[in-house]
Structure formats: C-alpha cells, structure tokens
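One file, my_file-v4.cif, carrying mmCIF, C-alpha atoms:
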```cif
data_upload
#
loop_
_atom_site.label_atom_id
_atom_site.label_comp_id
_atom_site.auth_asym_id
_atom_site.auth_seq_id
_atom_site.Cartn_x
_atom_site.Cartn_y
_atom_site.Cartn_z
CA GLN A 86 -77.69 99.55 64.61
CA VAL A 87 -79.38 96.61 66.29
CA GLN A 88 -82.56 95.41 64.61
CA LEU A 89 -85.32 93.87 66.66
CA VAL A 90 -88.15 91.66 65.44
CA GLU A 91 -91.03 90.72 67.69
CA SER A 92 -93.42 87.83 67.13
CA GLY A 93 -95.91 85.61 68.86
CA GLY A 94 -98.84 87.94 69.31
CA GLY A 95 -102.40 87.13 68.39
CA LEU A 96 -106.00 87.06 69.48
CA VAL A 97 -106.69 85.19 72.69
CA GLN A 98 -109.58 84.92 75.10
CA SER A 99 -109.38 86.35 78.57
CA GLY A 100 -107.51 83.91 80.80
CA GLY A 101 -105.46 82.55 77.93
CA SER A 102 -101.72 82.58 77.34
CA LEU A 103 -99.27 83.77 74.72
CA ARG A 104 -95.51 83.63 74.42
CA LEU A 105 -93.85 86.54 72.70
CA SER A 106 -90.39 86.39 71.16
CA CYS A 107 -87.97 89.15 70.25
CA THR A 108 -84.87 88.37 68.23
CA ALA A 109 -82.01 90.82 67.91
CA SER A 110 -79.82 91.05 64.83
CA GLU A 111 -76.64 91.12 66.91
CA ASP A 112 -75.24 89.47 70.00
CA THR A 113 -76.68 92.02 72.38
CA VAL A 114 -79.42 90.64 74.63
CA ASN A 115 -76.94 89.31 77.17
CA TYR A 116 -75.15 92.64 77.54
CA TYR A 117 -78.04 94.98 78.29
CA THR A 118 -81.07 95.08 80.48
CA MET A 119 -83.78 94.03 78.06
CA GLY A 120 -87.40 95.03 78.34
CA TRP A 121 -90.84 94.41 76.95
CA TYR A 122 -92.98 97.44 76.34
CA ARG A 123 -96.70 97.70 75.73
CA GLN A 124 -98.55 100.37 73.81
CA ALA A 125 -102.28 100.21 74.35
CA PRO A 126 -104.59 102.01 71.94
CA GLY A 127 -104.35 105.76 72.50
CA ASN A 128 -101.59 105.41 75.08
CA LYS A 129 -97.86 105.85 75.14
CA ARG A 130 -95.43 102.97 75.12
CA ASP A 131 -94.79 101.70 78.65
CA LEU A 132 -92.23 99.30 80.03
CA VAL A 133 -93.99 96.29 81.59
CA ALA A 134 -91.14 93.84 82.20
CA SER A 135 -87.36 93.96 82.21
CA LEU A 136 -84.49 91.55 82.76
CA THR A 137 -81.11 92.76 83.94
CA THR A 138 -77.79 91.30 82.89
CA GLN A 139 -77.63 89.68 86.35
CA GLY A 140 -80.94 87.94 85.73
CA VAL A 141 -83.08 90.15 87.93
CA GLU A 142 -86.65 90.35 86.69
CA ILE A 143 -88.67 93.53 87.21
CA TYR A 144 -92.37 93.86 86.48
CA VAL A 145 -94.97 96.52 86.75
CA GLU A 146 -97.60 95.73 89.34
CA SER A 147 -100.33 94.98 86.83
CA VAL A 148 -98.48 92.00 85.31
CA LYS A 149 -96.71 90.58 88.37
CA GLY A 150 -97.42 86.90 88.82
CA ARG A 151 -98.78 86.59 85.29
CA PHE A 152 -95.90 87.55 82.98
CA THR A 153 -92.40 86.10 82.89
CA ILE A 154 -89.49 87.56 80.96
CA SER A 155 -86.58 85.36 79.96
CA ARG A 156 -83.61 85.34 77.66
CA ASP A 157 -81.83 82.83 75.41
CA SER A 158 -78.44 84.36 74.76
CA ALA A 159 -77.45 81.71 72.21
CA LYS A 160 -80.42 82.73 70.09
CA ASN A 161 -80.16 86.47 70.80
CA THR A 162 -83.80 86.23 71.82
CA VAL A 163 -85.89 87.58 74.66
CA TYR A 164 -89.23 86.05 75.56
CA LEU A 165 -92.33 87.18 77.38
CA GLN A 166 -94.58 84.43 78.68
CA MET A 167 -98.00 85.91 79.35
CA ASN A 168 -100.54 83.92 81.35
CA SER A 169 -103.99 84.73 82.70
CA LEU A 170 -104.35 87.42 80.10
CA LYS A 171 -106.83 90.23 80.68
CA SER A 172 -108.47 92.66 78.28
CA GLU A 173 -106.27 95.44 79.64
CA ASP A 174 -103.22 93.56 78.35
CA THR A 175 -104.33 94.38 74.81
CA GLY A 176 -101.81 96.39 72.85
CA VAL A 177 -98.77 96.27 70.65
CA TYR A 178 -95.79 94.74 72.38
CA TYR A 179 -92.23 95.78 71.63
CA CYS A 180 -88.88 94.81 73.02
CA ASN A 181 -85.82 96.99 73.39
CA ARG A 182 -83.04 97.62 75.79
CA ALA A 183 -84.34 99.16 78.98
CA ARG A 184 -83.14 101.81 81.41
CA VAL A 185 -80.60 103.03 78.85
CA SER A 186 -80.98 105.95 76.46
CA PRO A 187 -81.42 106.10 73.62
CA PRO A 188 -83.24 102.91 72.79
CA TRP A 189 -82.35 101.04 69.65
CA ASP A 190 -84.60 101.55 66.65
CA TRP A 191 -87.99 100.10 67.46
CA GLY A 192 -89.10 96.93 65.72
CA PRO A 193 -92.54 96.42 64.20
CA GLY A 194 -93.97 95.09 67.45
CA THR A 195 -96.48 92.30 67.77
CA GLN A 196 -100.19 92.83 68.37
CA VAL A 197 -101.84 91.18 71.35
CA THR A 198 -105.60 91.30 71.55
CA VAL A 199 -107.41 89.83 74.53
CA SER A 200 -111.13 89.36 74.15
CA SER A 201 -113.34 89.29 77.20
#
```
Before anything else, please render the file you have as structure tokens.
Amino acid sequence: QVQLVESGGGLVQSGGSLRLSCTASEDTVNYYTMGWYRQAPGNKRDLVASLTTQGVEIYVESVKGRFTISRDSAKNTVYLQMNSLKSEDTGVYYCNRARVSPPWDWGPGTQVTVSS
C-alpha cells in the first residue's frame, strides 16, 4: 500500500504563498493522475487540482490562476504552489491519486490557514 506524506502547510496572511509537498513511499506519482484535495472545516474533502500522466493540469474554478500542481518523478513527489491565498483556501490539504477508485490510504494532510 502506497503511503503519502504531505508537508509545507502553515499560517499565512491573505495574499501570501505556500508550497505544499507530497511524497509517496513508492515509485507511483508518474503512473497515475495525482491530485491535491482540500478539506475545509465542516466540509467534505474536495479535489482542487490534478495532474494527469500526460502532464495535463486541471483545476477547480476557485483556484485557477493561483495554484499550480507539478510533479518530480525522481523524488516521487507532487507539489502544489499556492499564490494569492484567500481565507477560503483554509483547510487541510491532502494528496492522492485522482479519478481512480479506491484512493490509496490517506496521509496525515497538512494544515493551511489563511488569515484575512
């Protein structure tokens, strides 16, 4: 079973930036569509960005132009560069394979808090 560990979250002011990282325990990130998910307080976990094996990036409307997903296959790591952060971006961020069921076991996630 693939293990995922997210990092890079923190407390940032509105308009600031963060770069999240997700490292997989196995050589997997290049063979699946990988995604970043966000779980805001009281809400379900939603997919906000994904990256296909062909390098196609897909974003939900609310993060388009502000977030960028990327992948370093040699490091088995997926990144999420988040710019122009807004308070509504607050939540716990997770990575996992996307558009495939079932997902791998979820990692601990990384908390992002944006203060206004």
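Once the PyMOL selection byres ((chain A and resi 97) around 9) is applied to the shown structure, the selection contains Gly94, Gly95, Leu96, Gln98, Ser99, Gly100, Gly101, Ser102, Leu103, Leu170, Val197, Thr198, Val199 and Ser200 of chain A.
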*asked:* With the PyMOL selection byres ((chain A and resi 115) around 8) as the selection, what would be picked from this file? Answer as an MDAnalysis selection string, please.
replied: chainID A and resid 112:114 116:118 138 156 158 161
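CA of Leu89 in chain A is positioned 8.0 Å from CA of Pro193 in chain A.
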*By how many Å are CA of Lys160 in chain A and CA of Lys129 in chain A apart?*
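Answer for the CA of Lys160 in chain A to CA of Lys129 in chain A separation: 29.4 Å.
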*Leaving out Val141 in chain A and any residue of its chain fewer than 5 positions from it, which residues lie within 10 Å of it when counting all atoms listed in the file, given as a list in words?*
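My list of contacting residues is Thr118, Ser135, Leu136, Ile154 and Ser155 of chain A.
Between Asn128 in chain A and the residues A:Glu173, A:Asp190, A:Glu142, A:Glu111, the shortest atom-to-atom distance, using only C-alpha atoms, involves A:Glu173.
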*Could you check which of A:Gln139, A:Thr108, A:Gln88, A:Thr153 is closest to Asn168 in chain A, using all atoms listed in the file?*
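Closest candidate: A:Thr153.
Residue nearest Val177 in chain A within the list A:Gly120, A:Gly93, A:Gly150, A:Gly194: A:Gly194 [criterion: smallest interatomic distance, all atoms listed in the file].
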*Taking into account all atoms listed in the file, which residue in the set A:Pro188, A:Thr175, A:Thr137, A:Cys180 is nearest to Ser201 in chain A?*
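Answer, going by the shortest atom-to-atom distance: A:Thr175.
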*Mind giving me the straight-line distance from CA of Ser106 in chain A to CA of Gln86 in chain A in Å, one decimal?*
19.4 Å
*Which one is closest to Tyr122 in chain A: A:Tyr178, A:Tyr164, A:Phe152, A:Thr195? Count all atoms listed in the file.*
A:Tyr178
Axis-aligned box over every listed atom of range 156-165 of chain A, padded by 5 Å per side: centre and edges in Å to one decimal, as AutoDock Vina command-line options?
```
--center_x -84.9 --center_y 84.6 --center_z 73.9 --size_x 24.9 --size_y 15.9 --size_z 17.6
```
Go through the shown structure with the PyMOL selection byres ((chain A and resi 133) around 7) and write out the matching residues as a short mmCIF file (atom, residue, chain, number, x, y, z; two decimals) with C-alpha atoms, in the frame of the given file.
```cif
data_model
loop_
_atom_site.label_atom_id
_atom_site.label_comp_id
_atom_site.auth_asym_id
_atom_site.auth_seq_id
_atom_site.Cartn_x
_atom_site.Cartn_y
_atom_site.Cartn_z
CA TRP A 121 -90.84 94.41 76.95
CA TYR A 122 -92.98 97.44 76.34
CA ARG A 123 -96.70 97.70 75.73
CA ASP A 131 -94.79 101.70 78.65
CA LEU A 132 -92.23 99.30 80.03
CA ALA A 134 -91.14 93.84 82.20
CA TYR A 144 -92.37 93.86 86.48
CA VAL A 145 -94.97 96.52 86.75
#
```
